[in-house]
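Peer 1: What follows is input_32.cif, made up of mmCIF, C-alpha atoms:
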```cif
data_my_file
#
loop_
_atom_site.label_atom_id
_atom_site.label_comp_id
_atom_site.auth_asym_id
_atom_site.auth_seq_id
_atom_site.Cartn_x
_atom_site.Cartn_y
_atom_site.Cartn_z
CA MET A 1 -77.01 11.19 -161.59
CA LYS A 2 -77.27 7.68 -160.15
CA LYS A 3 -80.23 5.62 -161.29
CA LEU A 4 -82.16 3.74 -158.64
CA LEU A 5 -82.74 0.07 -159.30
CA SER A 6 -86.41 -0.88 -159.48
CA PRO A 7 -87.76 -3.27 -156.82
CA PHE A 8 -88.55 -5.89 -159.45
CA PHE A 9 -85.03 -5.76 -160.85
CA LEU A 10 -83.82 -6.41 -157.30
CA VAL A 11 -86.28 -9.32 -157.12
CA PHE A 12 -84.65 -10.89 -160.16
CA ILE A 13 -81.15 -10.36 -158.80
CA PHE A 14 -82.04 -11.86 -155.42
CA LEU A 15 -83.69 -14.95 -156.87
CA PHE A 16 -80.86 -15.44 -159.33
CA THR A 17 -78.08 -15.12 -156.76
CA SER A 18 -79.90 -17.01 -154.01
CA CYS A 19 -79.89 -20.25 -156.02
CA ASN A 20 -77.33 -22.63 -154.55
CA ASN A 21 -76.22 -23.55 -158.07
CA THR A 22 -77.12 -20.96 -160.70
CA SER A 23 -76.82 -23.54 -163.48
CA ASP A 24 -79.64 -25.54 -161.90
CA ILE A 25 -83.36 -24.99 -161.58
CA ILE A 26 -84.77 -23.13 -158.57
CA VAL A 27 -85.80 -25.65 -155.90
CA ILE A 28 -88.72 -24.83 -153.59
CA GLY A 29 -89.47 -27.17 -150.70
CA HIS A 30 -93.20 -27.91 -150.47
CA ARG A 31 -94.54 -27.26 -146.95
CA GLY A 32 -90.90 -27.44 -145.92
CA ALA A 33 -89.66 -30.84 -147.01
CA MET A 34 -92.80 -32.85 -146.38
CA GLY A 35 -91.42 -35.97 -147.99
CA HIS A 36 -89.09 -36.22 -144.99
CA ALA A 37 -90.87 -34.53 -142.08
CA LEU A 38 -94.42 -33.60 -141.12
CA GLU A 39 -95.61 -30.79 -143.38
CA ASN A 40 -95.56 -27.14 -142.29
CA THR A 41 -93.72 -27.83 -139.04
CA ILE A 42 -90.47 -26.28 -137.89
CA GLU A 43 -88.89 -29.71 -138.32
CA SER A 44 -89.99 -29.84 -141.98
CA VAL A 45 -88.72 -26.32 -142.64
CA GLU A 46 -85.37 -27.08 -141.04
CA LYS A 47 -85.08 -30.26 -143.11
CA ALA A 48 -85.63 -28.21 -146.27
CA VAL A 49 -82.91 -25.81 -145.18
CA ASN A 50 -80.54 -28.74 -144.63
CA LEU A 51 -81.33 -30.00 -148.14
CA ASN A 52 -80.06 -26.69 -149.61
CA VAL A 53 -83.31 -25.44 -151.11
CA ASP A 54 -83.53 -22.03 -152.72
CA GLY A 55 -86.99 -21.37 -151.31
CA ILE A 56 -89.53 -22.86 -148.91
CA GLU A 57 -93.30 -22.88 -149.42
CA ILE A 58 -95.72 -22.85 -146.47
CA ASP A 59 -99.45 -22.20 -145.94
CA VAL A 60 -101.15 -19.78 -143.55
CA PHE A 61 -104.58 -19.38 -141.99
CA LYS A 62 -105.58 -16.67 -139.50
CA SER A 63 -106.63 -17.81 -136.05
CA LYS A 64 -109.63 -16.43 -134.17
CA THR A 65 -107.24 -14.20 -132.22
CA GLY A 66 -105.53 -12.89 -135.37
CA GLU A 67 -102.24 -14.78 -135.54
CA LEU A 68 -101.09 -16.41 -138.78
CA ILE A 69 -101.00 -20.17 -138.29
CA VAL A 70 -98.77 -22.29 -140.52
CA TYR A 71 -101.04 -25.15 -141.57
CA HIS A 72 -102.46 -26.46 -144.82
CA ASP A 73 -106.07 -27.42 -144.06
CA PRO A 74 -108.95 -25.37 -142.65
CA SER A 75 -109.49 -28.12 -140.04
CA LEU A 76 -106.91 -29.65 -137.71
CA LYS A 77 -108.47 -33.10 -138.16
CA ARG A 78 -106.08 -34.67 -140.70
CA LEU A 79 -102.90 -34.26 -138.66
CA SER A 80 -104.15 -34.23 -135.06
CA ASN A 81 -106.87 -35.49 -132.73
CA SER A 82 -108.64 -32.14 -132.88
CA THR A 83 -111.48 -31.46 -135.31
CA ALA A 84 -111.45 -27.69 -134.75
CA LEU A 85 -111.28 -25.16 -137.55
CA ILE A 86 -108.23 -22.92 -137.27
CA GLU A 87 -110.22 -19.76 -137.91
CA ASP A 88 -112.58 -20.62 -135.03
CA ILE A 89 -110.06 -21.06 -132.21
CA SER A 90 -107.44 -18.98 -130.40
CA LEU A 91 -103.67 -19.25 -130.61
CA ASP A 92 -103.62 -20.60 -127.04
CA SER A 93 -105.91 -23.44 -128.10
CA ILE A 94 -103.85 -24.15 -131.22
CA LYS A 95 -100.63 -24.32 -129.20
CA LYS A 96 -102.16 -27.04 -127.04
CA VAL A 97 -102.77 -29.26 -130.08
CA LYS A 98 -100.20 -31.96 -130.70
CA LEU A 99 -99.64 -33.12 -134.26
CA LYS A 100 -98.53 -36.60 -135.26
CA GLY A 101 -95.25 -37.42 -133.55
CA GLY A 102 -95.94 -34.84 -130.85
CA LEU A 103 -94.97 -31.93 -133.10
CA MET A 104 -96.28 -28.40 -132.67
CA ILE A 105 -98.12 -26.08 -135.05
CA PRO A 106 -95.98 -22.97 -135.67
CA ILE A 107 -96.99 -19.38 -136.29
CA LEU A 108 -95.56 -17.49 -139.26
CA GLU A 109 -92.94 -15.62 -137.22
CA GLU A 110 -91.52 -18.88 -135.86
CA VAL A 111 -90.97 -20.14 -139.39
CA ILE A 112 -89.37 -16.92 -140.61
CA ASP A 113 -86.99 -16.99 -137.66
CA VAL A 114 -85.44 -20.35 -138.65
CA ILE A 115 -84.93 -19.62 -142.35
CA PRO A 116 -81.45 -18.37 -143.35
CA GLU A 117 -81.16 -15.06 -145.13
CA ASN A 118 -80.26 -16.63 -148.50
CA ILE A 119 -83.46 -18.73 -148.69
CA PHE A 120 -86.74 -17.10 -149.71
CA LEU A 121 -90.10 -17.93 -148.14
CA ASN A 122 -93.16 -18.53 -150.32
CA ILE A 123 -96.23 -17.86 -148.17
CA GLU A 124 -99.45 -19.29 -149.57
CA LEU A 125 -102.52 -17.42 -148.34
CA LYS A 126 -105.04 -20.15 -147.55
CA GLY A 127 -107.62 -18.59 -145.27
CA LYS A 128 -109.82 -15.51 -145.25
CA ASN A 129 -108.35 -12.07 -144.58
CA THR A 130 -104.74 -13.25 -144.60
CA ALA A 131 -103.29 -10.64 -146.96
CA TYR A 132 -103.24 -7.72 -144.54
CA ALA A 133 -101.92 -9.73 -141.59
CA THR A 134 -99.21 -11.28 -143.75
CA ASN A 135 -98.13 -7.91 -145.09
CA LYS A 136 -97.86 -6.49 -141.57
CA ILE A 137 -95.58 -9.30 -140.39
CA ILE A 138 -93.29 -9.50 -143.40
CA SER A 139 -92.99 -5.70 -143.63
CA GLU A 140 -91.70 -5.65 -140.06
CA TYR A 141 -89.06 -8.26 -140.93
CA LEU A 142 -88.04 -6.50 -144.15
CA THR A 143 -87.51 -3.27 -142.23
CA ARG A 144 -85.81 -4.86 -139.21
CA TYR A 145 -83.25 -6.85 -141.22
CA ASN A 146 -83.06 -4.67 -144.33
CA TRP A 147 -83.95 -7.65 -146.50
CA PRO A 148 -84.91 -7.18 -150.17
CA PRO A 149 -88.63 -7.63 -150.98
CA SER A 150 -87.73 -10.88 -152.73
CA LYS A 151 -87.06 -12.54 -149.38
CA PHE A 152 -90.77 -13.38 -149.65
CA ILE A 153 -93.17 -14.54 -152.35
CA ILE A 154 -96.90 -14.36 -151.73
CA SER A 155 -99.06 -16.93 -153.54
CA SER A 156 -102.67 -18.07 -153.44
CA PHE A 157 -105.49 -19.79 -155.28
CA ASN A 158 -107.65 -17.01 -153.85
CA TRP A 159 -106.93 -14.30 -156.38
CA ASN A 160 -108.90 -11.69 -154.43
CA GLU A 161 -106.47 -12.11 -151.54
CA LEU A 162 -103.60 -11.52 -153.98
CA LYS A 163 -105.32 -8.35 -155.17
CA ASN A 164 -105.72 -7.26 -151.56
CA PHE A 165 -102.05 -7.89 -150.92
CA ARG A 166 -100.91 -5.98 -154.00
CA SER A 167 -103.11 -3.02 -153.06
CA ILE A 168 -101.02 -2.51 -149.91
CA ASN A 169 -97.62 -3.80 -151.05
CA ALA A 170 -96.24 -2.95 -154.47
CA ASP A 171 -92.83 -4.57 -154.02
CA VAL A 172 -93.01 -8.10 -152.60
CA PRO A 173 -93.31 -10.67 -155.42
CA ILE A 174 -96.62 -12.39 -156.08
CA ALA A 175 -97.17 -15.84 -157.59
CA ILE A 176 -100.55 -16.87 -158.96
CA LEU A 177 -101.57 -20.45 -158.24
CA VAL A 178 -103.48 -22.15 -161.05
CA ASP A 179 -105.32 -25.46 -160.63
CA SER A 180 -106.96 -25.73 -164.05
CA LEU A 181 -105.90 -25.53 -167.67
CA TYR A 182 -108.93 -23.34 -168.34
CA LYS A 183 -107.70 -20.64 -165.94
CA ILE A 184 -104.34 -20.05 -167.64
CA ASP A 185 -105.46 -17.11 -169.78
CA SER A 186 -107.17 -15.43 -166.83
CA ALA A 187 -104.08 -16.03 -164.70
CA ILE A 188 -101.83 -14.43 -167.33
CA ARG A 189 -104.07 -11.37 -167.41
CA LEU A 190 -104.06 -11.16 -163.63
CA SER A 191 -100.30 -11.56 -163.48
CA LYS A 192 -99.92 -8.47 -165.64
CA GLU A 193 -102.40 -6.56 -163.49
CA LEU A 194 -100.57 -7.49 -160.29
CA ASN A 195 -97.05 -7.53 -161.77
CA ALA A 196 -96.68 -11.13 -160.61
CA ILE A 197 -93.32 -12.85 -160.86
CA SER A 198 -94.72 -16.26 -161.76
CA LEU A 199 -97.65 -18.53 -162.45
CA ASN A 200 -97.59 -21.66 -160.29
CA PRO A 201 -99.67 -24.24 -162.18
CA ASN A 202 -100.51 -27.82 -161.35
CA ASN A 203 -97.88 -29.81 -163.25
CA LYS A 204 -100.47 -32.36 -164.42
CA PHE A 205 -101.85 -30.14 -167.18
CA LEU A 206 -98.60 -28.39 -168.07
CA THR A 207 -97.35 -28.73 -171.65
CA ASN A 208 -94.55 -27.24 -173.71
CA GLU A 209 -97.06 -24.94 -175.38
CA ILE A 210 -98.41 -23.63 -172.08
CA VAL A 211 -94.91 -22.97 -170.72
CA LYS A 212 -94.00 -21.09 -173.91
CA LYS A 213 -97.22 -19.09 -173.71
CA ILE A 214 -96.53 -18.04 -170.13
CA HIS A 215 -92.89 -17.22 -170.89
CA SER A 216 -93.93 -15.18 -173.94
CA ASN A 217 -95.73 -12.90 -171.51
CA ASP A 218 -92.54 -12.42 -169.45
CA ILE A 219 -93.84 -14.53 -166.59
CA LYS A 220 -91.92 -17.34 -164.89
CA VAL A 221 -93.31 -20.84 -164.39
CA TYR A 222 -93.10 -22.50 -160.94
CA PRO A 223 -95.19 -25.71 -161.16
CA TYR A 224 -96.30 -27.83 -158.20
CA THR A 225 -95.89 -30.55 -156.84
CA ILE A 226 -93.25 -32.60 -158.67
CA ASN A 227 -91.73 -35.63 -156.94
CA ALA A 228 -91.30 -38.53 -159.37
CA PRO A 229 -88.00 -38.57 -161.31
CA GLU A 230 -89.78 -38.86 -164.67
CA ASN A 231 -91.91 -35.81 -163.89
CA ILE A 232 -88.88 -33.84 -162.72
CA LYS A 233 -87.21 -34.62 -166.05
CA ARG A 234 -90.37 -33.67 -167.95
CA MET A 235 -90.55 -30.28 -166.19
CA LYS A 236 -86.89 -29.57 -166.91
CA LEU A 237 -87.31 -30.41 -170.59
CA MET A 238 -90.23 -27.95 -170.73
CA GLY A 239 -87.95 -25.23 -169.41
CA VAL A 240 -89.80 -24.34 -166.21
CA ASP A 241 -88.01 -21.87 -163.95
CA ALA A 242 -88.56 -23.58 -160.60
CA ILE A 243 -89.95 -26.80 -159.17
CA ILE A 244 -92.02 -27.10 -156.00
CA THR A 245 -91.37 -30.51 -154.47
CA ASP A 246 -91.70 -32.67 -151.35
CA TYR A 247 -88.21 -34.08 -152.05
CA PRO A 248 -85.80 -31.20 -152.77
CA GLU A 249 -82.76 -33.47 -153.03
CA ARG A 250 -84.18 -35.11 -156.18
CA ILE A 251 -84.35 -32.00 -158.35
CA ASN A 252 -80.73 -31.18 -159.18
CA LYS A 253 -79.17 -34.64 -158.85
#
```
Take the structure I supplied and represent it as structure tokens, if you would.
Peer 2:
Amino acid sequence: MKKLLSPFFLVFIFLFTSCNNTSDIIVIGHRGAMGHALENTIESVEKAVNLNVDGIEIDVFKSKTGELIVYHDPSLKRLSNSTALIEDISLDSIKKVKLKGGLMIPILEEVIDVIPENIFLNIELKGKNTAYATNKIISEYLTRYNWPPSKFIISSFNWNELKNFRSINADVPIAILVDSLYKIDSAIRLSKELNAISLNPNNKFLTNEIVKKIHSNDIKVYPYTINAPENIKRMKLMGVDAIITDYPERINK
């Protein structure tokens, strides 16, 4: 009798084979490739693709009309002339906003549509009630194109949203974002509860001991956001599994 491969074994195979150079570390473009183009825009995502990343990280909020908007902040103020909160306005209103350089704010589907099949998309849930809407969209893509669940990774600092996502999707990988040294133990416990593929800690508090501790629990380490050459070298010496960066071309030089 043939044995079926488990979804999480397929996750490992996909991530392993999707790396452009399997001897190198996994490279994840932060908000696309925001060191080169305005963050979370189609232009930034396409730049990351051209830089041969293994994965691309973006952020999503839900608009007043229910669409998932690819943007980092709750307010549009930092990157546009609008001071509106994304969750308070409609998609029509958002599409009228021009970002710096005249660029547009994309919705999640527009980003997915420009990413090649061999690159995974890390969707960070930023706003309220994003888990269910995200699951609906990515499930449609997984079915339509027969992609493996590992085409996507769902991450968040809002651990309740990650729990909500796991309650409705047992297969798509989850990554737990950690912004404090004091949350590592809680994050490890949660990763086991949610069968998370990785912890994504702030690189500033990461040490050899912490990386070993996470690895000893069979969890990968995908730190953020590493740009300076000396920090890239430091992360590699610690043995992290991936690096989230604004400058993907710097990682595997």
Peer 1: In Å, with one decimal, what is the gap from CA of Asn200 (chain A) to CA of Tyr247 (chain A)?
Peer 2: 17.6 Å
Peer 1: Given the file shown, determine the residues that the PyMOL selection byres ((chain A and resi 64) around 7) selects; report them as a PyMOL selection string.
Peer 2: chain A and resi 62-63+65-66+87-90
Peer 1: For CA of Ala37 (chain A) and CA of Glu57 (chain A), determine how far apart the two atoms are, in Å to one decimal place.
Peer 2: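 Between these atoms lies a distance of 14.0 Å.
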Peer 1: Identify, on the basis of all atoms listed in the file, every residue whose closest approach to Ile25 (chain A) does not exceed 8 Å; exclude the query and any residue fewer than 4 positions from it along the same chain; express the result as an MDAnalysis selection string.
Peer 2: chainID A and resid 236 240:243 251:252
Peer 1: Have a look at CA of Pro74 (chain A) and CA of Lys96 (chain A) and let me know their distance in Å, one decimal.
Peer 2: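 Taking CA of Pro74 (chain A) and CA of Lys96 (chain A), their separation equals 17.1 Å.
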Peer 1: Selected by the PyMOL selection byres ((chain A and resi 146-163) around 6) in the shown coordinates: which residues, as a PDB file with C-alpha atoms, in the coordinates of the input?
Peer 2:
```pdb
ATOM      1  CA  VAL A  11     -86.280  -9.320-157.120  1.00  0.00           C
ATOM      2  CA  PHE A 120     -86.740 -17.100-149.710  1.00  0.00           C
ATOM      3  CA  LEU A 121     -90.100 -17.930-148.140  1.00  0.00           C
ATOM      4  CA  ASN A 122     -93.160 -18.530-150.320  1.00  0.00           C
ATOM      5  CA  ILE A 123     -96.230 -17.860-148.170  1.00  0.00           C
ATOM      6  CA  GLU A 124     -99.450 -19.290-149.570  1.00  0.00           C
ATOM      7  CA  LEU A 125    -102.520 -17.420-148.340  1.00  0.00           C
ATOM      8  CA  ALA A 131    -103.290 -10.640-146.960  1.00  0.00           C
ATOM      9  CA  LEU A 142     -88.040  -6.500-144.150  1.00  0.00           C
ATOM     10  CA  THR A 143     -87.510  -3.270-142.230  1.00  0.00           C
ATOM     11  CA  ARG A 144     -85.810  -4.860-139.210  1.00  0.00           C
ATOM     12  CA  TYR A 145     -83.250  -6.850-141.220  1.00  0.00           C
ATOM     13  CA  ASN A 164    -105.720  -7.260-151.560  1.00  0.00           C
ATOM     14  CA  PHE A 165    -102.050  -7.890-150.920  1.00  0.00           C
ATOM     15  CA  ARG A 166    -100.910  -5.980-154.000  1.00  0.00           C
ATOM     16  CA  VAL A 172     -93.010  -8.100-152.600  1.00  0.00           C
ATOM     17  CA  PRO A 173     -93.310 -10.670-155.420  1.00  0.00           C
ATOM     18  CA  ILE A 174     -96.620 -12.390-156.080  1.00  0.00           C
ATOM     19  CA  ALA A 175     -97.170 -15.840-157.590  1.00  0.00           C
ATOM     20  CA  ILE A 176    -100.550 -16.870-158.960  1.00  0.00           C
ATOM     21  CA  LEU A 177    -101.570 -20.450-158.240  1.00  0.00           C
TER      22      LEU A 177
END
```
Peer 1: List as a list in words the protein and nucleic acid residues near Val114 (chain A), meaning an atom at most 8 Å away when all atoms listed in the file are counted, but skip any in the same chain fewer than 3 places from it.
Peer 2: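 Skipping anything fewer than 3 positions along the chain leaves Ile42, Val45, Glu46, Glu110 and Val111 of chain A.
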Peer 1: Counting all atoms listed in the file, which residues sit no farther than 9 Å from the position (-101.5, -13.7, -164.9) in the file's frame? I'd like them as a PyMOL selection string.
Peer 2: chain A and resi 175-176+184-196+198-199+214+217+219
Peer 1: Please produce a file of the residues just selected, as a short mmCIF file (atom, residue, chain, number, x, y, z; two decimals), keeping the file's coordinate frame, where the atoms kept are C-alpha atoms.
Peer 2:
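And here is the file that came out, out.cif:
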```
data_model
loop_
_atom_site.label_atom_id
_atom_site.label_comp_id
_atom_site.auth_asym_id
_atom_site.auth_seq_id
_atom_site.Cartn_x
_atom_site.Cartn_y
_atom_site.Cartn_z
CA ALA A 175 -97.17 -15.84 -157.59
CA ILE A 176 -100.55 -16.87 -158.96
CA ILE A 184 -104.34 -20.05 -167.64
CA ASP A 185 -105.46 -17.11 -169.78
CA SER A 186 -107.17 -15.43 -166.83
CA ALA A 187 -104.08 -16.03 -164.70
CA ILE A 188 -101.83 -14.43 -167.33
CA ARG A 189 -104.07 -11.37 -167.41
CA LEU A 190 -104.06 -11.16 -163.63
CA SER A 191 -100.30 -11.56 -163.48
CA LYS A 192 -99.92 -8.47 -165.64
CA GLU A 193 -102.40 -6.56 -163.49
CA LEU A 194 -100.57 -7.49 -160.29
CA ASN A 195 -97.05 -7.53 -161.77
CA ALA A 196 -96.68 -11.13 -160.61
CA SER A 198 -94.72 -16.26 -161.76
CA LEU A 199 -97.65 -18.53 -162.45
CA ILE A 214 -96.53 -18.04 -170.13
CA ASN A 217 -95.73 -12.90 -171.51
CA ILE A 219 -93.84 -14.53 -166.59
#
```
Peer 1: Quick one: apply the PyMOL selection byres ((chain A and resi 71) around 6) to the file and drop the selected residues here as a list in words.
Peer 2: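 Written out, the selection comes to Asn40, Asp59, Val60, Ile69, Val70 and His72 of chain A.
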Peer 1: Nearest residue to Lys253 (chain A) out of A:Gly32, A:Gly101, A:Pro116, A:Pro229, using only C-alpha atoms?
Peer 2: A:Pro229
Peer 1: Using only C-alpha atoms, which of the listed residues (A:Ser80, A:Ser167, A:Ser180, A:Asn231) sits closest to Ile210 (chain A)?
Peer 2: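 Closest residue, counting only C-alpha atoms: A:Ser180.
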Peer 1: Near Lys98 (chain A), counting only C-alpha atoms, which residues have an atom at most 9 Å away, once you skip same-chain residues fewer than 6 positions from it, shown as a list in words?
Peer 2: Leu79, Ser80, Asn81, Ser82, Met104 and Ile105 of chain A
Peer 1: Write to file, as a PDB file, in the coordinates of the input, the residues of the selection just made, with C-alpha atoms.
Peer 2:
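So the final result, stored in result.pdb, reads:
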```pdb
ATOM      1  CA  LEU A  79    -102.900 -34.260-138.660  1.00  0.00           C
ATOM      2  CA  SER A  80    -104.150 -34.230-135.060  1.00  0.00           C
ATOM      3  CA  ASN A  81    -106.870 -35.490-132.730  1.00  0.00           C
ATOM      4  CA  SER A  82    -108.640 -32.140-132.880  1.00  0.00           C
ATOM      5  CA  MET A 104     -96.280 -28.400-132.670  1.00  0.00           C
ATOM      6  CA  ILE A 105     -98.120 -26.080-135.050  1.00  0.00           C
TER       7      ILE A 105
END
```
Peer 1: Nearest to Asp73 (chain A) among A:Lys183, A:Lys220, A:Lys136, A:Lys126, with distances taken over all atoms listed in the file: which residue is it?
Peer 2: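 Among the listed residues, A:Lys126 lies closest to Asp73 (chain A).
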Peer 1: Got a minute to add N, CA and C atoms to region 183-209 of chain A and dump it as a PDB file, in the frame of the given file?
Peer 2:
```pdb
ATOM      1  N   LYS A 183    -107.921 -21.913-166.630  1.00  0.00           N
ATOM      2  CA  LYS A 183    -107.700 -20.640-165.940  1.00  0.00           C
ATOM      3  C   LYS A 183    -106.399 -19.960-166.366  1.00  0.00           C
ATOM      4  N   ILE A 184    -105.651 -20.586-167.269  1.00  0.00           N
ATOM      5  CA  ILE A 184    -104.340 -20.050-167.640  1.00  0.00           C
ATOM      6  C   ILE A 184    -104.440 -18.642-168.222  1.00  0.00           C
ATOM      7  N   ASP A 185    -105.350 -18.427-169.159  1.00  0.00           N
ATOM      8  CA  ASP A 185    -105.460 -17.110-169.780  1.00  0.00           C
ATOM      9  C   ASP A 185    -105.842 -16.048-168.761  1.00  0.00           C
ATOM     10  N   SER A 186    -106.774 -16.376-167.876  1.00  0.00           N
ATOM     11  CA  SER A 186    -107.170 -15.430-166.830  1.00  0.00           C
ATOM     12  C   SER A 186    -106.003 -15.154-165.888  1.00  0.00           C
ATOM     13  N   ALA A 187    -105.228 -16.192-165.598  1.00  0.00           N
ATOM     14  CA  ALA A 187    -104.080 -16.030-164.700  1.00  0.00           C
ATOM     15  C   ALA A 187    -103.010 -15.154-165.330  1.00  0.00           C
ATOM     16  N   ILE A 188    -102.801 -15.284-166.636  1.00  0.00           N
ATOM     17  CA  ILE A 188    -101.830 -14.430-167.330  1.00  0.00           C
ATOM     18  C   ILE A 188    -102.278 -12.971-167.268  1.00  0.00           C
ATOM     19  N   ARG A 189    -103.561 -12.746-167.498  1.00  0.00           N
ATOM     20  CA  ARG A 189    -104.070 -11.370-167.410  1.00  0.00           C
ATOM     21  C   ARG A 189    -103.892 -10.798-166.006  1.00  0.00           C
ATOM     22  N   LEU A 190    -104.201 -11.621-165.007  1.00  0.00           N
ATOM     23  CA  LEU A 190    -104.060 -11.160-163.630  1.00  0.00           C
ATOM     24  C   LEU A 190    -102.605 -10.905-163.273  1.00  0.00           C
ATOM     25  N   SER A 191    -101.721 -11.736-163.789  1.00  0.00           N
ATOM     26  CA  SER A 191    -100.300 -11.560-163.480  1.00  0.00           C
ATOM     27  C   SER A 191     -99.795 -10.214-163.986  1.00  0.00           C
ATOM     28  N   LYS A 192    -100.309  -9.785-165.125  1.00  0.00           N
ATOM     29  CA  LYS A 192     -99.920  -8.470-165.640  1.00  0.00           C
ATOM     30  C   LYS A 192    -100.514  -7.354-164.785  1.00  0.00           C
ATOM     31  N   GLU A 193    -101.739  -7.555-164.358  1.00  0.00           N
ATOM     32  CA  GLU A 193    -102.400  -6.560-163.490  1.00  0.00           C
ATOM     33  C   GLU A 193    -101.662  -6.395-162.173  1.00  0.00           C
ATOM     34  N   LEU A 194    -101.200  -7.521-161.614  1.00  0.00           N
ATOM     35  CA  LEU A 194    -100.570  -7.490-160.290  1.00  0.00           C
ATOM     36  C   LEU A 194     -99.041  -7.469-160.358  1.00  0.00           C
ATOM     37  N   ASN A 195     -98.497  -7.452-161.576  1.00  0.00           N
ATOM     38  CA  ASN A 195     -97.050  -7.530-161.770  1.00  0.00           C
ATOM     39  C   ASN A 195     -96.479  -8.751-161.046  1.00  0.00           C
ATOM     40  N   ALA A 196     -97.094  -9.894-161.272  1.00  0.00           N
ATOM     41  CA  ALA A 196     -96.680 -11.130-160.610  1.00  0.00           C
ATOM     42  C   ALA A 196     -95.379 -11.645-161.211  1.00  0.00           C
ATOM     43  N   ILE A 197     -94.588 -12.300-160.381  1.00  0.00           N
ATOM     44  CA  ILE A 197     -93.320 -12.850-160.860  1.00  0.00           C
ATOM     45  C   ILE A 197     -93.521 -14.173-161.568  1.00  0.00           C
ATOM     46  N   SER A 198     -94.566 -14.929-161.169  1.00  0.00           N
ATOM     47  CA  SER A 198     -94.720 -16.260-161.760  1.00  0.00           C
ATOM     48  C   SER A 198     -96.170 -16.733-161.707  1.00  0.00           C
ATOM     49  N   LEU A 199     -96.458 -17.706-162.578  1.00  0.00           N
ATOM     50  CA  LEU A 199     -97.650 -18.530-162.450  1.00  0.00           C
ATOM     51  C   LEU A 199     -97.174 -19.864-161.879  1.00  0.00           C
ATOM     52  N   ASN A 200     -97.925 -20.381-160.903  1.00  0.00           N
ATOM     53  CA  ASN A 200     -97.590 -21.660-160.290  1.00  0.00           C
ATOM     54  C   ASN A 200     -98.698 -22.664-160.602  1.00  0.00           C
ATOM     55  N   PRO A 201     -98.595 -23.326-161.750  1.00  0.00           N
ATOM     56  CA  PRO A 201     -99.670 -24.240-162.180  1.00  0.00           C
ATOM     57  C   PRO A 201     -99.474 -25.659-161.664  1.00  0.00           C
ATOM     58  N   ASN A 202    -100.572 -26.377-161.598  1.00  0.00           N
ATOM     59  CA  ASN A 202    -100.510 -27.820-161.350  1.00  0.00           C
ATOM     60  C   ASN A 202     -99.743 -28.458-162.511  1.00  0.00           C
ATOM     61  N   ASN A 203     -98.727 -29.244-162.200  1.00  0.00           N
ATOM     62  CA  ASN A 203     -97.880 -29.810-163.250  1.00  0.00           C
ATOM     63  C   ASN A 203     -98.630 -30.786-164.152  1.00  0.00           C
ATOM     64  N   LYS A 204     -99.771 -31.307-163.686  1.00  0.00           N
ATOM     65  CA  LYS A 204    -100.470 -32.360-164.420  1.00  0.00           C
ATOM     66  C   LYS A 204    -101.003 -31.895-165.769  1.00  0.00           C
ATOM     67  N   PHE A 205    -101.340 -30.609-165.893  1.00  0.00           N
ATOM     68  CA  PHE A 205    -101.850 -30.140-167.180  1.00  0.00           C
ATOM     69  C   PHE A 205    -100.833 -29.289-167.946  1.00  0.00           C
ATOM     70  N   LEU A 206     -99.609 -29.226-167.439  1.00  0.00           N
ATOM     71  CA  LEU A 206     -98.600 -28.390-168.070  1.00  0.00           C
ATOM     72  C   LEU A 206     -98.049 -29.050-169.326  1.00  0.00           C
ATOM     73  N   THR A 207     -97.915 -28.263-170.390  1.00  0.00           N
ATOM     74  CA  THR A 207     -97.350 -28.730-171.650  1.00  0.00           C
ATOM     75  C   THR A 207     -96.294 -27.739-172.123  1.00  0.00           C
ATOM     76  N   ASN A 208     -95.527 -28.151-173.125  1.00  0.00           N
ATOM     77  CA  ASN A 208     -94.550 -27.240-173.710  1.00  0.00           C
ATOM     78  C   ASN A 208     -95.200 -25.956-174.197  1.00  0.00           C
ATOM     79  N   GLU A 209     -96.366 -26.106-174.814  1.00  0.00           N
ATOM     80  CA  GLU A 209     -97.060 -24.940-175.380  1.00  0.00           C
ATOM     81  C   GLU A 209     -97.487 -23.973-174.291  1.00  0.00           C
TER      82      GLU A 209
END
```
